[in-house]
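File shown here: my_file-v4.cif, holding mmCIF, C-alpha atoms.
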data_query
#
loop_
_atom_site.label_atom_id
_atom_site.label_comp_id
_atom_site.auth_asym_id
_atom_site.auth_seq_id
_atom_site.Cartn_x
_atom_site.Cartn_y
_atom_site.Cartn_z
CA LEU A 1319 -1.87 -30.22 -33.74
CA LEU A 1320 0.79 -27.55 -33.08
CA GLU A 1321 -0.48 -25.47 -35.98
CA LYS A 1322 -4.06 -25.66 -34.65
CA ALA A 1323 -2.94 -24.57 -31.15
CA THR A 1324 -0.95 -21.68 -32.66
CA LYS A 1325 -4.01 -20.50 -34.61
CA GLN A 1326 -6.19 -20.69 -31.50
CA ALA A 1327 -3.64 -18.73 -29.45
CA GLU A 1328 -3.46 -16.04 -32.15
CA ALA A 1329 -7.28 -15.83 -32.28
CA VAL A 1330 -7.43 -15.32 -28.51
CA ARG A 1331 -4.65 -12.70 -28.70
CA GLN A 1332 -6.53 -10.76 -31.38
CA ALA A 1333 -9.86 -11.03 -29.56
CA GLY A 1334 -8.29 -9.72 -26.37
CA VAL A 1335 -8.65 -10.76 -22.78
CA GLU A 1336 -10.85 -9.00 -20.27
CA MET A 1337 -10.59 -9.25 -16.51
CA ARG A 1338 -12.70 -7.84 -13.70
CA LEU A 1339 -11.66 -8.12 -10.04
CA LYS A 1340 -13.57 -6.90 -6.98
CA MET A 1341 -12.13 -6.87 -3.49
CA ALA A 1342 -13.48 -5.44 -0.24
CA VAL A 1343 -11.40 -4.92 2.89
CA ASN A 1344 -13.46 -4.80 6.07
CA GLY A 1345 -10.59 -3.36 8.04
CA LEU A 1346 -6.86 -2.94 8.03
CA GLU A 1347 -4.95 -1.83 11.10
CA VAL A 1348 -1.19 -1.37 11.28
CA THR A 1349 0.42 -0.43 14.60
CA LEU A 1350 4.05 0.65 14.75
CA ALA A 1351 5.87 0.43 18.06
CA ASP A 1352 9.28 1.09 19.47
CA SER A 1353 10.69 -2.01 21.15
CA ILE A 1354 7.76 -2.19 23.60
CA VAL A 1355 5.25 0.66 23.42
CA PRO A 1356 2.82 1.22 20.50
CA MET A 1357 3.53 4.62 18.92
CA LEU A 1358 1.56 5.07 15.67
CA ARG A 1359 -1.59 3.38 14.42
CA PHE A 1360 -2.94 3.48 10.87
CA ARG A 1361 -6.47 2.29 10.11
CA ALA A 1362 -8.18 1.84 6.75
CA GLU A 1363 -11.48 0.46 5.58
CA VAL A 1364 -12.66 -0.17 2.03
CA PRO A 1365 -16.40 -1.02 2.11
CA ASP A 1366 -18.34 -2.64 -0.76
CA PRO A 1367 -17.92 -2.49 -3.70
CA GLY A 1368 -14.32 -2.12 -2.53
CA LEU A 1369 -11.47 -2.14 -5.00
CA VAL A 1370 -12.62 -2.75 -8.57
CA VAL A 1371 -10.00 -3.49 -11.24
CA GLU A 1372 -10.89 -3.89 -14.89
CA ALA A 1373 -8.29 -4.68 -17.55
CA SER A 1374 -8.35 -5.65 -21.19
CA THR A 1375 -5.72 -6.38 -23.82
CA ALA A 1376 -7.68 -5.24 -26.89
CA PRO A 1377 -7.81 -2.30 -26.60
CA GLU A 1378 -5.08 -2.17 -23.98
CA LYS A 1379 -6.44 -0.35 -20.95
CA MET A 1380 -6.76 -0.66 -17.18
CA LEU A 1381 -9.10 0.93 -14.67
CA ALA A 1382 -8.71 0.67 -10.90
CA GLU A 1383 -11.30 2.35 -8.72
CA VAL A 1384 -12.10 2.54 -5.05
CA GLY A 1385 -15.34 4.39 -4.46
CA ASN A 1386 -14.74 5.12 -0.80
CA ILE A 1387 -11.71 4.57 1.44
CA SER A 1388 -11.77 5.58 5.08
CA VAL A 1389 -8.31 6.24 6.58
CA GLU A 1390 -7.08 7.58 9.91
CA LEU A 1391 -3.73 7.94 11.65
CA GLN A 1392 -3.28 8.09 15.42
CA VAL A 1393 -0.41 8.53 17.88
CA MET A 1394 -0.26 7.07 21.38
CA ASN A 1395 -0.32 9.64 24.17
CA GLN A 1396 1.88 7.84 26.68
CA ARG A 1397 1.10 10.23 29.50
CA HIS A 1398 -2.67 9.63 29.34
CA GLY A 1399 -2.66 6.14 27.79
CA TYR A 1400 -4.97 6.72 24.81
CA TRP A 1401 -4.72 7.22 21.05
CA GLU A 1402 -4.80 10.81 19.75
CA PRO A 1403 -5.70 11.43 16.10
CA ILE A 1404 -3.17 13.00 13.76
CA LEU A 1405 -5.33 12.46 10.67
CA GLU A 1406 -9.00 12.48 11.60
CA PRO A 1407 -11.11 9.84 9.78
CA PHE A 1408 -10.94 10.88 6.14
CA HIS A 1409 -13.05 9.47 3.31
CA VAL A 1410 -11.60 9.57 -0.20
CA GLY A 1411 -12.33 7.98 -3.56
CA VAL A 1412 -9.56 6.96 -5.96
CA ASN A 1413 -9.78 6.41 -9.72
CA ILE A 1414 -6.75 5.29 -11.77
CA THR A 1415 -6.97 4.91 -15.54
CA SER A 1416 -4.15 3.66 -17.74
CA SER A 1417 -4.31 3.44 -21.52
CA PRO A 1418 -2.13 4.21 -24.54
CA ASP A 1419 -2.61 7.59 -26.19
CA LYS A 1420 -2.71 8.21 -29.95
CA ASP A 1421 1.10 7.79 -30.17
CA LYS A 1422 0.90 4.37 -28.41
CA VAL A 1423 2.54 5.84 -25.28
CA GLN A 1424 1.09 4.49 -22.04
CA SER A 1425 -0.47 7.26 -19.94
CA MET A 1426 -1.93 7.13 -16.46
CA HIS A 1427 -4.48 9.43 -14.86
CA VAL A 1428 -5.08 9.47 -11.10
CA VAL A 1429 -8.08 11.23 -9.58
CA LEU A 1430 -8.59 11.60 -5.81
CA ARG A 1431 -12.00 12.79 -4.56
CA GLY A 1432 -12.26 13.86 -0.96
CA ARG A 1433 -15.66 13.17 0.59
CA CYS A 1434 -15.07 15.29 3.70
CA PRO A 1435 -12.56 17.88 4.92
CA LEU A 1436 -9.01 16.69 5.56
CA LEU A 1437 -8.49 17.43 9.27
CA LEU A 1438 -5.07 17.24 10.92
CA SER A 1439 -4.69 17.45 14.70
CA LEU A 1440 -1.31 18.87 15.68
CA SER A 1441 -0.85 18.87 19.43
CA PRO A 1442 2.48 19.01 21.27
CA THR A 1443 2.20 15.26 21.92
CA THR A 1444 1.60 14.36 18.26
CA ILE A 1445 4.41 16.61 17.03
CA ARG A 1446 6.90 15.39 19.65
CA THR A 1447 6.10 11.71 19.09
CA THR A 1448 6.07 11.82 15.29
CA THR A 1449 9.25 13.92 14.99
CA TRP A 1450 11.03 11.40 17.23
CA PHE A 1451 9.51 8.14 15.99
CA ILE A 1452 9.17 8.56 12.20
CA PRO A 1453 12.88 9.34 11.52
CA MET A 1454 13.85 6.40 13.74
CA PHE A 1455 11.41 4.10 11.91
CA LEU A 1456 12.58 5.20 8.46
CA SER A 1457 16.24 4.70 9.34
CA SER A 1458 15.44 1.20 10.61
CA LEU A 1459 14.06 0.35 7.17
CA SER A 1460 17.49 0.87 5.63
CA GLU A 1461 19.38 -0.88 8.40
CA GLY A 1462 19.20 -4.06 10.44
CA ILE A 1463 16.52 -6.56 9.58
CA TRP A 1464 15.75 -5.13 6.11
CA ARG A 1465 19.38 -5.08 5.04
CA GLU A 1466 19.74 -8.70 6.20
CA ALA A 1467 16.55 -9.80 4.47
CA PHE A 1468 17.41 -8.19 1.13
CA ARG A 1469 20.98 -9.48 1.26
CA ALA A 1470 19.53 -12.96 0.80
CA TRP A 1471 18.10 -12.10 -2.64
CA PRO A 1472 20.28 -13.09 -5.59
CA GLY A 1473 21.98 -10.29 -7.49
CA PRO A 1474 22.18 -9.86 -11.29
CA GLY A 1475 23.62 -12.93 -12.94
CA GLN A 1476 23.35 -15.02 -9.77
CA THR A 1477 21.05 -17.90 -9.07
CA GLY A 1478 19.63 -18.91 -5.76
CA GLY A 1479 20.32 -17.22 -2.46
CA ARG A 1480 20.55 -17.88 1.23
CA ALA A 1481 17.40 -18.58 3.16
CA ILE A 1482 15.92 -15.36 4.53
CA SER A 1483 14.78 -17.06 7.72
CA ALA A 1484 18.40 -17.94 8.55
CA ASP A 1485 19.42 -14.28 8.18
CA LEU A 1486 16.55 -13.10 10.39
CA GLU A 1487 17.23 -15.54 13.23
CA PRO A 1488 19.55 -13.17 15.21
CA HIS A 1489 16.84 -10.47 15.13
CA ARG A 1490 14.07 -12.50 16.77
#
Take the structure from the file and write it as structure tokens.
Amino acid sequence: LLEKATKQAEAVRQAGVEMRLKMAVNGLEVTLADSIVPMLRFRAEVPDPGLVVEASTAPEKMLAEVGNISVELQVMNQRHGYWEPILEPFHVGVNITSSPDKDKVQSMHVVLRGRCPLLLSLSPTTIRTTTWFIPMFLSSLSEGIWREAFRAWPGPGQTGGRAISADLEPHR
């Protein structure tokens, strides 16, 4: 029985495995705020056919493609109470191919195709807000809640770890 299962597993390995995944995202919105006021908003949309990933083991290759992504970035104008664009809605296609070359070295090729001009709006409000908020946000990633959360992960040669929720309790 074990010999038969081993032969079947080897036959599958030689034949290769193929996978195809499709995923559409109707909308993604991420808003970053200081302690109270929203500051930056990122929006993205990946319409049908969305993200398409194809992979196979014989020959070993992978293709990931998004035909059209729409992204925009906005900053809150606190004086007037509305969102101002930093990155106007931008449509781009992405194609990533990974396969071994003739020397069996894995290589990756990334192609970005813009479908419209890349327009940036730099007003005094956007510059002032982003130069204040982005450094503060990035420094918070290396301090505080992130440091506490990652401290709970076991290190090399260790097993287990403290519960992350217990470490985050003081930050709620």
Output check: residues returned by the PyMOL selection byres ((chain A and resi 1407) around 7), as a PDB file with C-alpha atoms, in the coordinates of the input:
ATOM      1  CA  SER A1388     -11.770   5.580   5.080  1.00  0.00           C
ATOM      2  CA  VAL A1389      -8.310   6.240   6.580  1.00  0.00           C
ATOM      3  CA  GLU A1390      -7.080   7.580   9.910  1.00  0.00           C
ATOM      4  CA  LEU A1405      -5.330  12.460  10.670  1.00  0.00           C
ATOM      5  CA  GLU A1406      -9.000  12.480  11.600  1.00  0.00           C
ATOM      6  CA  PHE A1408     -10.940  10.880   6.140  1.00  0.00           C
ATOM      7  CA  HIS A1409     -13.050   9.470   3.310  1.00  0.00           C
TER       8      HIS A1409
END
Requested in this report: Given the file shown, enumerate the residues that the PyMOL selection byres ((chain A and resi 1366) around 9) captures and present them as a list of chain:residue names.
Outcome: A:Lys1340, A:Met1341, A:Ala1342, A:Val1343, A:Asn1344, A:Val1364, A:Pro1365, A:Pro1367, A:Gly1368, A:Leu1369, A:Gly1385, A:Asn1386
Requested in this report: For the structure shown, which residues end up in the PyMOL selection byres ((chain A and resi 1347-1358) around 6)? Put them as a ChimeraX atom specification, please?
Outcome: /A:1346,1359-1361,1392-1394
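Of note, atom CA of A:Phe1455 and atom CA of A:Val1410 are spaced 26.6 Å apart.
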